[in-house]
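Student: Contents of run_10.pdb (PDB, C-alpha atoms) are below:
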ATOM      1  CA  HIS R1080       0.518  -3.118  13.196  1.00  0.00           C
ATOM      2  CA  PRO R1081       2.018  -3.221   9.720  1.00  0.00           C
ATOM      3  CA  TRP R1082       5.024  -5.455   9.149  1.00  0.00           C
ATOM      4  CA  GLU R1083       7.456  -2.556   8.652  1.00  0.00           C
ATOM      5  CA  MET R1084       6.545  -1.088  12.035  1.00  0.00           C
ATOM      6  CA  VAL R1085       6.801  -4.439  13.802  1.00  0.00           C
ATOM      7  CA  THR R1086      10.159  -5.210  12.201  1.00  0.00           C
ATOM      8  CA  THR R1087      11.563  -1.798  13.101  1.00  0.00           C
ATOM      9  CA  ALA R1088      10.345  -2.269  16.668  1.00  0.00           C
ATOM     10  CA  ALA R1089      11.784  -5.777  16.875  1.00  0.00           C
ATOM     11  CA  MET R1090      15.218  -4.406  15.993  1.00  0.00           C
ATOM     12  CA  GLN R1091      14.932  -2.021  18.944  1.00  0.00           C
ATOM     13  CA  LYS R1092      13.111  -4.355  21.275  1.00  0.00           C
ATOM     14  CA  TYR R1093      15.327  -3.792  24.309  1.00  0.00           C
ATOM     15  CA  PRO R1094      15.070  -2.223  26.782  1.00  0.00           C
ATOM     16  CA  ASN R1095      11.411  -2.587  27.545  1.00  0.00           C
ATOM     17  CA  PRO R1096       9.532  -3.011  30.804  1.00  0.00           C
ATOM     18  CA  MET R1097       8.334  -6.529  29.954  1.00  0.00           C
ATOM     19  CA  ASN R1098      11.848  -7.918  29.722  1.00  0.00           C
ATOM     20  CA  PRO R1099      13.660  -6.331  32.654  1.00  0.00           C
ATOM     21  CA  SER R1100      16.143  -9.157  32.786  1.00  0.00           C
ATOM     22  CA  VAL R1101      17.750  -8.213  29.449  1.00  0.00           C
ATOM     23  CA  VAL R1102      20.554  -5.904  30.483  1.00  0.00           C
ATOM     24  CA  GLY R1103      22.738  -5.769  27.398  1.00  0.00           C
ATOM     25  CA  VAL R1104      22.427  -6.088  23.648  1.00  0.00           C
ATOM     26  CA  ASP R1105      25.349  -6.015  21.235  1.00  0.00           C
ATOM     27  CA  VAL R1106      25.599  -6.476  17.508  1.00  0.00           C
ATOM     28  CA  LEU R1107      28.366  -8.917  16.703  1.00  0.00           C
ATOM     29  CA  ASP R1108      27.924  -8.827  12.973  1.00  0.00           C
ATOM     30  CA  ARG R1109      25.596  -7.340  10.444  1.00  0.00           C
ATOM     31  CA  HIS R1110      25.610  -7.548   6.681  1.00  0.00           C
ATOM     32  CA  VAL R1111      23.343  -7.555   3.661  1.00  0.00           C
ATOM     33  CA  ASP R1112      23.710 -10.766   1.703  1.00  0.00           C
ATOM     34  CA  MET R1113      23.757 -11.281  -2.046  1.00  0.00           C
ATOM     35  CA  SER R1114      19.971 -11.523  -2.192  1.00  0.00           C
ATOM     36  CA  GLY R1115      19.422  -8.271  -0.308  1.00  0.00           C
ATOM     37  CA  LYS R1116      18.534  -9.776   3.049  1.00  0.00           C
ATOM     38  CA  LEU R1117      19.894  -8.200   6.204  1.00  0.00           C
ATOM     39  CA  HIS R1118      21.603 -10.625   8.579  1.00  0.00           C
ATOM     40  CA  SER R1119      22.337  -9.600  12.134  1.00  0.00           C
ATOM     41  CA  HIS R1120      24.105 -11.573  14.811  1.00  0.00           C
ATOM     42  CA  ARG R1121      23.475 -10.225  18.267  1.00  0.00           C
ATOM     43  CA  LEU R1122      24.527 -11.056  21.774  1.00  0.00           C
ATOM     44  CA  LEU R1123      21.999 -10.575  24.542  1.00  0.00           C
ATOM     45  CA  SER R1124      23.036 -10.462  28.183  1.00  0.00           C
ATOM     46  CA  THR R1125      20.465 -11.276  30.790  1.00  0.00           C
ATOM     47  CA  GLU R1126      20.429 -11.165  34.551  1.00  0.00           C
ATOM     48  CA  TRP R1127      17.739 -13.229  36.119  1.00  0.00           C
ATOM     49  CA  GLY R1128      17.010 -14.877  39.399  1.00  0.00           C
ATOM     50  CA  ILE R1129      18.397 -18.343  38.895  1.00  0.00           C
ATOM     51  CA  PRO R1130      16.102 -20.911  40.493  1.00  0.00           C
ATOM     52  CA  SER R1131      17.785 -22.516  43.456  1.00  0.00           C
ATOM     53  CA  ILE R1132      17.421 -25.932  41.883  1.00  0.00           C
ATOM     54  CA  VAL R1133      19.678 -24.855  39.038  1.00  0.00           C
ATOM     55  CA  LYS R1134      22.089 -23.225  41.466  1.00  0.00           C
ATOM     56  CA  SER R1135      22.447 -26.483  43.353  1.00  0.00           C
ATOM     57  CA  LEU R1136      23.242 -28.247  40.093  1.00  0.00           C
ATOM     58  CA  ILE R1137      25.834 -25.846  38.826  1.00  0.00           C
ATOM     59  CA  GLY R1138      27.122 -24.686  42.181  1.00  0.00           C
ATOM     60  CA  THR R1139      28.259 -21.240  41.061  1.00  0.00           C
ATOM     61  CA  CYS R1140      27.011 -17.731  41.628  1.00  0.00           C
ATOM     62  CA  ARG R1141      27.228 -16.572  38.033  1.00  0.00           C
ATOM     63  CA  THR R1142      24.235 -14.355  37.403  1.00  0.00           C
ATOM     64  CA  LYS R1143      24.706 -13.207  33.824  1.00  0.00           C
ATOM     65  CA  THR R1144      23.538 -15.518  31.088  1.00  0.00           C
ATOM     66  CA  TYR R1145      24.061 -14.996  27.417  1.00  0.00           C
ATOM     67  CA  VAL R1146      21.925 -15.652  24.388  1.00  0.00           C
ATOM     68  CA  GLN R1147      22.984 -15.363  20.784  1.00  0.00           C
ATOM     69  CA  GLU R1148      20.437 -14.283  18.203  1.00  0.00           C
ATOM     70  CA  HIS R1149      20.579 -14.466  14.426  1.00  0.00           C
ATOM     71  CA  SER R1150      17.985 -12.484  12.522  1.00  0.00           C
ATOM     72  CA  VAL R1151      17.272 -12.223   8.814  1.00  0.00           C
ATOM     73  CA  VAL R1152      15.112  -9.482   7.324  1.00  0.00           C
ATOM     74  CA  ASP R1153      13.891  -9.852   3.743  1.00  0.00           C
ATOM     75  CA  PRO R1154      12.470  -6.468   2.743  1.00  0.00           C
ATOM     76  CA  VAL R1155      11.109  -7.757  -0.566  1.00  0.00           C
ATOM     77  CA  LYS R1156       9.273 -10.855   0.656  1.00  0.00           C
ATOM     78  CA  LYS R1157       8.571  -9.067   3.971  1.00  0.00           C
ATOM     79  CA  ILE R1158       9.744 -11.823   6.233  1.00  0.00           C
ATOM     80  CA  MET R1159      11.699 -11.355   9.436  1.00  0.00           C
ATOM     81  CA  GLU R1160      13.062 -14.442  11.074  1.00  0.00           C
ATOM     82  CA  LEU R1161      14.820 -14.564  14.421  1.00  0.00           C
ATOM     83  CA  LYS R1162      16.595 -17.589  15.824  1.00  0.00           C
ATOM     84  CA  SER R1163      18.104 -17.502  19.245  1.00  0.00           C
ATOM     85  CA  SER R1164      19.799 -20.000  21.490  1.00  0.00           C
ATOM     86  CA  ASN R1165      21.472 -19.819  24.851  1.00  0.00           C
ATOM     87  CA  ILE R1166      25.230 -19.900  24.968  1.00  0.00           C
ATOM     88  CA  SER R1167      25.442 -20.104  28.738  1.00  0.00           C
ATOM     89  CA  PHE R1168      24.805 -23.376  30.502  1.00  0.00           C
ATOM     90  CA  THR R1169      24.794 -25.241  27.218  1.00  0.00           C
ATOM     91  CA  ASN R1170      26.148 -28.229  29.066  1.00  0.00           C
ATOM     92  CA  LEU R1171      22.906 -28.338  31.016  1.00  0.00           C
ATOM     93  CA  VAL R1172      20.112 -26.985  28.925  1.00  0.00           C
ATOM     94  CA  SER R1173      19.540 -25.692  25.471  1.00  0.00           C
ATOM     95  CA  VAL R1174      16.728 -23.360  24.577  1.00  0.00           C
ATOM     96  CA  ASP R1175      16.264 -22.636  20.913  1.00  0.00           C
ATOM     97  CA  GLU R1176      13.653 -20.145  19.874  1.00  0.00           C
ATOM     98  CA  ARG R1177      12.443 -19.265  16.427  1.00  0.00           C
ATOM     99  CA  LEU R1178      10.214 -16.314  15.592  1.00  0.00           C
ATOM    100  CA  VAL R1179       8.885 -15.374  12.177  1.00  0.00           C
ATOM    101  CA  TYR R1180       7.107 -12.087  11.437  1.00  0.00           C
ATOM    102  CA  LYS R1181       5.128 -11.804   8.213  1.00  0.00           C
ATOM    103  CA  PRO R1182       2.398  -9.452   7.022  1.00  0.00           C
ATOM    104  CA  HIS R1183      -1.107 -10.778   7.602  1.00  0.00           C
ATOM    105  CA  PRO R1184      -2.212 -12.376   4.313  1.00  0.00           C
ATOM    106  CA  HIS R1185      -5.635 -10.679   4.358  1.00  0.00           C
ATOM    107  CA  GLU R1186      -5.139  -7.566   6.466  1.00  0.00           C
ATOM    108  CA  PRO R1187      -2.131  -5.566   5.308  1.00  0.00           C
ATOM    109  CA  ASP R1188      -2.064  -3.441   8.438  1.00  0.00           C
ATOM    110  CA  LYS R1189      -1.422  -6.433  10.616  1.00  0.00           C
ATOM    111  CA  THR R1190       1.500  -8.738  11.178  1.00  0.00           C
ATOM    112  CA  ILE R1191       1.509 -12.416  12.014  1.00  0.00           C
ATOM    113  CA  LEU R1192       4.053 -13.871  14.412  1.00  0.00           C
ATOM    114  CA  THR R1193       4.759 -17.566  14.639  1.00  0.00           C
ATOM    115  CA  GLN R1194       6.917 -18.612  17.521  1.00  0.00           C
ATOM    116  CA  GLU R1195       8.351 -21.915  18.576  1.00  0.00           C
ATOM    117  CA  ALA R1196      10.794 -23.026  21.181  1.00  0.00           C
ATOM    118  CA  ILE R1197      12.686 -26.256  21.598  1.00  0.00           C
ATOM    119  CA  ILE R1198      13.942 -26.936  25.066  1.00  0.00           C
ATOM    120  CA  SER R1199      16.143 -29.806  26.008  1.00  0.00           C
ATOM    121  CA  VAL R1200      17.779 -30.584  29.273  1.00  0.00           C
ATOM    122  CA  LYS R1201      20.782 -32.801  29.195  1.00  0.00           C
ATOM    123  CA  GLY R1202      21.325 -35.973  31.124  1.00  0.00           C
ATOM    124  CA  VAL R1203      19.721 -35.052  34.437  1.00  0.00           C
ATOM    125  CA  SER R1204      16.954 -37.045  36.060  1.00  0.00           C
ATOM    126  CA  LEU R1205      15.139 -33.835  36.945  1.00  0.00           C
ATOM    127  CA  SER R1206      14.855 -33.103  33.232  1.00  0.00           C
ATOM    128  CA  SER R1207      11.083 -33.337  32.980  1.00  0.00           C
ATOM    129  CA  TYR R1208      10.664 -30.889  35.879  1.00  0.00           C
ATOM    130  CA  LEU R1209      13.074 -28.381  34.390  1.00  0.00           C
ATOM    131  CA  GLU R1210      11.595 -28.740  30.916  1.00  0.00           C
ATOM    132  CA  GLY R1211       8.108 -28.132  32.307  1.00  0.00           C
ATOM    133  CA  LEU R1212       9.334 -25.078  34.195  1.00  0.00           C
ATOM    134  CA  MET R1213      10.981 -23.644  31.115  1.00  0.00           C
ATOM    135  CA  ALA R1214       8.030 -24.430  28.847  1.00  0.00           C
ATOM    136  CA  ASN R1215       5.694 -22.472  31.137  1.00  0.00           C
ATOM    137  CA  THR R1216       8.065 -19.543  31.247  1.00  0.00           C
ATOM    138  CA  ILE R1217       8.485 -19.538  27.500  1.00  0.00           C
ATOM    139  CA  SER R1218       4.786 -19.618  26.723  1.00  0.00           C
ATOM    140  CA  SER R1219       4.103 -16.727  29.089  1.00  0.00           C
ATOM    141  CA  ASN R1220       7.077 -14.956  27.576  1.00  0.00           C
ATOM    142  CA  ALA R1221       5.471 -15.250  24.140  1.00  0.00           C
ATOM    143  CA  ASN R1222       2.682 -12.956  25.335  1.00  0.00           C
ATOM    144  CA  LYS R1223       5.183 -10.690  27.001  1.00  0.00           C
ATOM    145  CA  GLY R1224       7.026 -10.474  23.696  1.00  0.00           C
ATOM    146  CA  ARG R1225       3.930  -9.149  21.970  1.00  0.00           C
ATOM    147  CA  GLU R1226       3.345  -6.629  24.761  1.00  0.00           C
ATOM    148  CA  ALA R1227       6.995  -5.616  24.572  1.00  0.00           C
ATOM    149  CA  LEU R1228       6.730  -4.814  20.865  1.00  0.00           C
ATOM    150  CA  GLU R1229       3.497  -2.864  21.480  1.00  0.00           C
ATOM    151  CA  TRP R1230       5.386  -0.804  24.041  1.00  0.00           C
ATOM    152  CA  VAL R1231       8.279  -0.152  21.642  1.00  0.00           C
ATOM    153  CA  ILE R1232       5.881   0.767  18.813  1.00  0.00           C
ATOM    154  CA  ASN R1233       4.074   3.248  21.071  1.00  0.00           C
ATOM    155  CA  ARG R1234       7.388   4.745  22.088  1.00  0.00           C
ATOM    156  CA  LEU R1235       8.505   5.078  18.452  1.00  0.00           C
ATOM    157  CA  ASN R1236       5.186   6.715  17.485  1.00  0.00           C
ATOM    158  CA  ALA R1237       5.472   9.143  20.390  1.00  0.00           C
ATOM    159  CA  GLU R1238       8.997  10.044  19.289  1.00  0.00           C
ATOM    160  CA  ILE R1239       7.768  10.667  15.742  1.00  0.00           C
ATOM    161  CA  GLU R1240       4.956  12.885  17.040  1.00  0.00           C
ATOM    162  CA  GLU R1241       7.318  14.816  19.266  1.00  0.00           C
ATOM    163  CA  PHE R1242       9.714  15.316  16.376  1.00  0.00           C
ATOM    164  CA  THR R1243       6.908  16.467  14.042  1.00  0.00           C
ATOM    165  CA  ALA R1244       5.539  18.878  16.644  1.00  0.00           C
ATOM    166  CA  SER R1245       8.928  20.426  17.300  1.00  0.00           C
ATOM    167  CA  ALA R1246       9.650  20.628  13.553  1.00  0.00           C
ATOM    168  CA  ARG R1247       6.319  22.384  13.058  1.00  0.00           C
ATOM    169  CA  GLY R1248       7.195  24.757  15.877  1.00  0.00           C
ATOM    170  CA  THR R1249      10.577  25.464  14.350  1.00  0.00           C
ATOM    171  CA  MET R1250       9.035  26.073  10.936  1.00  0.00           C
ATOM    172  CA  ARG R1251       6.474  28.451  12.404  1.00  0.00           C
ATOM    173  CA  ASN R1252       9.218  30.329  14.191  1.00  0.00           C
ATOM    174  CA  SER R1253      11.366  30.627  11.107  1.00  0.00           C
ATOM    175  CA  MET R1254       8.354  31.654   8.981  1.00  0.00           C
ATOM    176  CA  ALA R1255       7.517  34.328  11.552  1.00  0.00           C
ATOM    177  CA  ALA R1256      11.135  35.458  11.586  1.00  0.00           C
ATOM    178  CA  ALA R1257      11.213  35.563   7.770  1.00  0.00           C
ATOM    179  CA  ALA R1258       7.961  37.576   7.665  1.00  0.00           C
ATOM    180  CA  PHE R1259       9.420  39.980  10.216  1.00  0.00           C
ATOM    181  CA  VAL R1260      12.573  40.453   8.176  1.00  0.00           C
ATOM    182  CA  GLU R1261      10.628  40.988   4.946  1.00  0.00           C
ATOM    183  CA  LYS R1262       8.746  43.900   6.461  1.00  0.00           C
TER
ATOM    184  CA  MET C 630      20.354  -0.252  26.445  1.00  0.00           C
ATOM    185  CA  ASN C 631      23.841  -1.053  27.592  1.00  0.00           C
ATOM    186  CA  SER C 632      26.564  -2.950  25.895  1.00  0.00           C
ATOM    187  CA  VAL C 633      28.091  -6.116  27.297  1.00  0.00           C
ATOM    188  CA  GLY C 634      31.238  -4.045  27.653  1.00  0.00           C
ATOM    189  CA  GLU C 635      30.480  -1.020  29.771  1.00  0.00           C
ATOM    190  CA  ALA C 636      33.013   1.086  27.919  1.00  0.00           C
ATOM    191  CA  CYS C 637      31.305   0.336  24.607  1.00  0.00           C
ATOM    192  CA  THR C 638      27.870   1.664  25.517  1.00  0.00           C
ATOM    193  CA  GLU C 639      28.358   5.123  24.024  1.00  0.00           C
ATOM    194  CA  LEU C 640      29.802   3.734  20.780  1.00  0.00           C
ATOM    195  CA  LYS C 641      26.915   1.308  20.669  1.00  0.00           C
ATOM    196  CA  ARG C 642      24.351   4.096  21.097  1.00  0.00           C
ATOM    197  CA  GLU C 643      25.831   6.105  18.261  1.00  0.00           C
ATOM    198  CA  TYR C 644      25.868   3.088  15.978  1.00  0.00           C
ATOM    199  CA  ASP C 645      22.335   2.047  16.980  1.00  0.00           C
ATOM    200  CA  GLN C 646      20.954   5.498  16.201  1.00  0.00           C
ATOM    201  CA  CYS C 647      22.567   5.428  12.774  1.00  0.00           C
ATOM    202  CA  PHE C 648      21.444   1.876  12.060  1.00  0.00           C
ATOM    203  CA  ASN C 649      17.834   2.341  13.223  1.00  0.00           C
ATOM    204  CA  ARG C 650      17.454   5.357  10.967  1.00  0.00           C
ATOM    205  CA  TRP C 651      18.966   3.582   7.969  1.00  0.00           C
ATOM    206  CA  PHE C 652      16.898   0.461   8.608  1.00  0.00           C
ATOM    207  CA  ALA C 653      13.533   2.234   8.737  1.00  0.00           C
ATOM    208  CA  GLU C 654      14.158   4.915   6.137  1.00  0.00           C
ATOM    209  CA  LYS C 655      16.267   3.072   3.590  1.00  0.00           C
ATOM    210  CA  PHE C 656      16.496  -0.661   3.994  1.00  0.00           C
ATOM    211  CA  LEU C 657      12.806  -1.409   4.484  1.00  0.00           C
ATOM    212  CA  LYS C 658      11.956   0.828   1.563  1.00  0.00           C
ATOM    213  CA  GLY C 659      14.171  -1.178  -0.733  1.00  0.00           C
ATOM    214  CA  GLU C 660      17.269   0.982  -0.774  1.00  0.00           C
ATOM    215  CA  SER C 661      19.808  -1.283   0.785  1.00  0.00           C
ATOM    216  CA  SER C 662      22.827   0.009  -1.076  1.00  0.00           C
ATOM    217  CA  GLY C 663      25.139   2.298   0.793  1.00  0.00           C
ATOM    218  CA  ASP C 664      26.230   1.884   4.340  1.00  0.00           C
ATOM    219  CA  PRO C 665      26.324   5.144   6.257  1.00  0.00           C
ATOM    220  CA  CYS C 666      27.102   3.395   9.514  1.00  0.00           C
ATOM    221  CA  GLY C 667      30.223   1.466   8.511  1.00  0.00           C
ATOM    222  CA  GLN C 668      32.727   3.584  10.387  1.00  0.00           C
ATOM    223  CA  LEU C 669      30.640   3.710  13.558  1.00  0.00           C
ATOM    224  CA  PHE C 670      30.155  -0.027  13.388  1.00  0.00           C
ATOM    225  CA  LYS C 671      33.902  -0.702  13.066  1.00  0.00           C
ATOM    226  CA  ARG C 672      34.756   1.361  16.127  1.00  0.00           C
ATOM    227  CA  TYR C 673      31.955  -0.211  18.125  1.00  0.00           C
ATOM    228  CA  GLN C 674      33.020  -3.718  17.059  1.00  0.00           C
ATOM    229  CA  ILE C 675      36.621  -3.311  18.165  1.00  0.00           C
ATOM    230  CA  CYS C 676      35.380  -2.376  21.606  1.00  0.00           C
ATOM    231  CA  VAL C 677      32.880  -5.251  21.801  1.00  0.00           C
ATOM    232  CA  GLN C 678      35.359  -7.888  20.650  1.00  0.00           C
ATOM    233  CA  LYS C 679      37.721  -6.806  23.383  1.00  0.00           C
ATOM    234  CA  ALA C 680      34.991  -6.938  26.018  1.00  0.00           C
ATOM    235  CA  ILE C 681      33.885 -10.414  24.934  1.00  0.00           C
ATOM    236  CA  LYS C 682      37.427 -11.734  25.187  1.00  0.00           C
ATOM    237  CA  GLU C 683      37.889 -10.153  28.579  1.00  0.00           C
ATOM    238  CA  LYS C 684      34.654 -11.566  29.908  1.00  0.00           C
ATOM    239  CA  ASP C 685      35.303 -14.936  28.375  1.00  0.00           C
ATOM    240  CA  ILE C 686      31.914 -15.117  26.720  1.00  0.00           C
ATOM    241  CA  PRO C 687      31.626 -18.398  24.795  1.00  0.00           C
ATOM    242  CA  ILE C 688      30.896 -17.217  21.295  1.00  0.00           C
ATOM    243  CA  GLU C 689      31.760 -19.921  18.864  1.00  0.00           C
ATOM    244  CA  GLY C 690      31.661 -20.044  15.138  1.00  0.00           C
ATOM    245  CA  LEU C 691      30.842 -16.378  14.774  1.00  0.00           C
ATOM    246  CA  GLU C 692      33.397 -14.504  12.801  1.00  0.00           C
ATOM    247  CA  PHE C 693      33.620 -10.845  13.475  1.00  0.00           C
ATOM    248  CA  MET C 694      32.986  -9.541  10.032  1.00  0.00           C
ATOM    249  CA  GLY C 695      32.838  -5.984   8.871  1.00  0.00           C
ATOM    250  CA  PRO C 696      29.616  -4.533   7.564  1.00  0.00           C
ATOM    251  CA  ASN C 697      30.489  -5.248   3.948  1.00  0.00           C
ATOM    252  CA  LYS C 698      30.754  -8.994   4.254  1.00  0.00           C
ATOM    253  CA  GLY C 699      28.425 -10.870   2.026  1.00  0.00           C
ATOM    254  CA  LYS C 700      29.944  -9.863  -1.247  1.00  0.00           C
ATOM    255  CA  THR C 701      31.806 -13.136  -1.641  1.00  0.00           C
ATOM    256  CA  GLU C 702      33.432 -13.820  -4.956  1.00  0.00           C
ATOM    257  CA  ASN C 703      32.225 -16.696  -7.025  1.00  0.00           C
ATOM    258  CA  SER C 704      34.865 -18.407  -9.040  1.00  0.00           C
ATOM    259  CA  SER C 705      33.669 -20.502 -11.943  1.00  0.00           C
TER
END
Just give me the structure as structure tokens.
Tutor:
Amino acid sequence: HPWEMVTTAAMQKYPNPMNPSVVGVDVLDRHVDMSGKLHSHRLLSTEWGIPSIVKSLIGTCRTKTYVQEHSVVDPVKKIMELKSSNISFTNLVSVDERLVYKPHPHEPDKTILTQEAIISVKGVSLSSYLEGLMANTISSNANKGREALEWVINRLNAEIEEFTASARGTMRNSMAAAAFVEK
Amino acid sequence: MNSVGEACTELKREYDQCFNRWFAEKFLKGESSGDPCGQLFKRYQICVQKAIKEKDIPIEGLEFMGPNKGKTENSS
């Protein structure tokens, strides 16, 4: 899909069926900087089944976790960059993700996504287990992310079609009404 | 999609609708001047800030800026 479509979809990524654990999205700040790039700071709330191993470490029943996301959209260079990091459980683990969407250099109707994640677990001997667990989740999430955007793009296209069809219907009706009046 | 503050969800929806339209129809096409969503954003923000404080969400280092931030003055 072209970069503009992907970027528009990424801004409206949630809710989607591939990420059922994201339950809330809020914009904390948004502004266009001096060079014309749009910065957005967002807060994502997620509810997910916390693995019992983590529960036994933290010993609480908190179920909502929060992620902060900073995105920058450059409409001239056509680059969208998203950086997100967890703000819950930062004393235990930090997950930093970076995604960059750019138009495909040779096929203008396609977009290239590069994605990386840095996971670190702090000061616990089970760190390699937890890191492995998170790395697996994140790499399968990368595919889910692509599917999620496909879903959003399809939804947006369907909305456009619906809107066009109803606009056409309205126009036909008003043309018929106008013709009737002219008689 | 809901807001982190349940009471803010409607304000958020109104703002989101305005923003998504502006983003696709103006911003991506190179017309980033003008901000039709400023008022909606302000009302939505007040609600969200309150909810974040109430829920004790650990947001650090993020200032709650209005939509026109970014036009900082350069003194020479």
Student: Taking all atoms listed in the file into account, which of C:Leu657, C:Glu683, C:Gln646, C:Lys641 comes nearest Phe670 in chain C?
Tutor: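 Result for the nearest residue to Phe670 in chain C: C:Lys641.
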Student: Excluding Lys682 in chain C and its own-chain neighbours fewer than 6 positions away, which residues fall within 12 Å of it when counting only C-alpha atoms? Please give them as a PyMOL selection string.
Tutor: chain C and resi 633-634+675-676+688-689
Student: Dump C-alpha atoms for the selected residues as an mmCIF file, in the frame of the given file?
Tutor:
data_model
loop_
_atom_site.group_PDB
_atom_site.id
_atom_site.type_symbol
_atom_site.label_atom_id
_atom_site.label_comp_id
_atom_site.auth_asym_id
_atom_site.auth_seq_id
_atom_site.Cartn_x
_atom_site.Cartn_y
_atom_site.Cartn_z
ATOM 1 C CA VAL C 633 28.091 -6.116 27.297
ATOM 2 C CA GLY C 634 31.238 -4.045 27.653
ATOM 3 C CA ILE C 675 36.621 -3.311 18.165
ATOM 4 C CA CYS C 676 35.380 -2.376 21.606
ATOM 5 C CA ILE C 688 30.896 -17.217 21.295
ATOM 6 C CA GLU C 689 31.760 -19.921 18.864
#
Student: Would you write out, as a compact mmCIF listing (two decimals) with C-alpha atoms, in the frame of the given file, every residue that the PyMOL selection byres ((chain R) within 9 of (chain C)) captures in this file?
Tutor:
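Writing done, so here's selection_34.txt:
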# COMPACT_ATOMS: atom_id res chain seq x y z
CA GLU R 1083 7.46 -2.56 8.65
CA MET R 1084 6.54 -1.09 12.04
CA THR R 1086 10.16 -5.21 12.20
CA THR R 1087 11.56 -1.80 13.10
CA MET R 1090 15.22 -4.41 15.99
CA GLN R 1091 14.93 -2.02 18.94
CA TYR R 1093 15.33 -3.79 24.31
CA PRO R 1094 15.07 -2.22 26.78
CA VAL R 1101 17.75 -8.21 29.45
CA VAL R 1102 20.55 -5.90 30.48
CA GLY R 1103 22.74 -5.77 27.40
CA VAL R 1104 22.43 -6.09 23.65
CA ASP R 1105 25.35 -6.02 21.24
CA VAL R 1106 25.60 -6.48 17.51
CA LEU R 1107 28.37 -8.92 16.70
CA ASP R 1108 27.92 -8.83 12.97
CA ARG R 1109 25.60 -7.34 10.44
CA HIS R 1110 25.61 -7.55 6.68
CA VAL R 1111 23.34 -7.56 3.66
CA ASP R 1112 23.71 -10.77 1.70
CA MET R 1113 23.76 -11.28 -2.05
CA GLY R 1115 19.42 -8.27 -0.31
CA LYS R 1116 18.53 -9.78 3.05
CA LEU R 1117 19.89 -8.20 6.20
CA HIS R 1120 24.10 -11.57 14.81
CA LEU R 1122 24.53 -11.06 21.77
CA LEU R 1123 22.00 -10.58 24.54
CA SER R 1124 23.04 -10.46 28.18
CA TYR R 1145 24.06 -15.00 27.42
CA GLN R 1147 22.98 -15.36 20.78
CA VAL R 1152 15.11 -9.48 7.32
CA ASP R 1153 13.89 -9.85 3.74
CA PRO R 1154 12.47 -6.47 2.74
CA VAL R 1155 11.11 -7.76 -0.57
CA LYS R 1157 8.57 -9.07 3.97
CA ILE R 1166 25.23 -19.90 24.97
CA SER R 1167 25.44 -20.10 28.74
Student: To one decimal place, how far is CA of Tyr1180 in chain R from CA of Glu1241 in chain R in Å?
Tutor: 28.0 Å
Student: Mind pulling up the distance from CA of Ser1163 in chain R to CA of Ala1214 in chain R?
Tutor: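 CA of Ser1163 in chain R lies 15.5 Å from CA of Ala1214 in chain R.
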Student: Counting only C-alpha atoms, which residue out of R:Ile1158, R:Arg1247, R:Lys1201, R:Asn1165 sits closest to His1183 in chain R?
Tutor: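 The shortest atom-to-atom distance to His1183 in chain R comes from R:Ile1158.
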Student: What is the distance, in Å and to one decimal place, between CA of Met1097 in chain R and CA of Ala1244 in chain R?
Tutor: 28.8 Å
Student: Translate the PyMOL selection byres ((chain R and resi 1191) around 8) into a concrete residue list for this structure, as a list in words.
Tutor: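 Listing what the PyMOL selection byres ((chain R and resi 1191) around 8) selects in the shown file: Val1179, Tyr1180, Lys1181, Pro1182, His1183, Lys1189, Thr1190, Leu1192 and Thr1193 of chain R.
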Student: So which one's closest to Lys684 in chain C, R:Glu1176, R:Lys1143, R:Trp1082, R:Thr1125? Using only C-alpha atoms, please.
Tutor: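 Ranking R:Glu1176, R:Lys1143, R:Trp1082, R:Thr1125 by distance to Lys684 in chain C, first place goes to R:Lys1143.
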Student: Please enumerate the residues selected by the PyMOL selection byres ((chain R and resi 1232) around 9) when evaluated against the supplied file, formatted as an mmCIF file with C-alpha atoms, in the frame of the given file.
Tutor:
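Output below, filename selection-v2.cif:
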data_model
loop_
_atom_site.group_PDB
_atom_site.id
_atom_site.type_symbol
_atom_site.label_atom_id
_atom_site.label_comp_id
_atom_site.auth_asym_id
_atom_site.auth_seq_id
_atom_site.Cartn_x
_atom_site.Cartn_y
_atom_site.Cartn_z
ATOM 1 C CA HIS R 1080 0.518 -3.118 13.196
ATOM 2 C CA MET R 1084 6.545 -1.088 12.035
ATOM 3 C CA VAL R 1085 6.801 -4.439 13.802
ATOM 4 C CA THR R 1087 11.563 -1.798 13.101
ATOM 5 C CA ALA R 1088 10.345 -2.269 16.668
ATOM 6 C CA ALA R 1227 6.995 -5.616 24.572
ATOM 7 C CA LEU R 1228 6.730 -4.814 20.865
ATOM 8 C CA GLU R 1229 3.497 -2.864 21.480
ATOM 9 C CA TRP R 1230 5.386 -0.804 24.041
ATOM 10 C CA VAL R 1231 8.279 -0.152 21.642
ATOM 11 C CA ASN R 1233 4.074 3.248 21.071
ATOM 12 C CA ARG R 1234 7.388 4.745 22.088
ATOM 13 C CA LEU R 1235 8.505 5.078 18.452
ATOM 14 C CA ASN R 1236 5.186 6.715 17.485
ATOM 15 C CA ALA R 1237 5.472 9.143 20.390
#
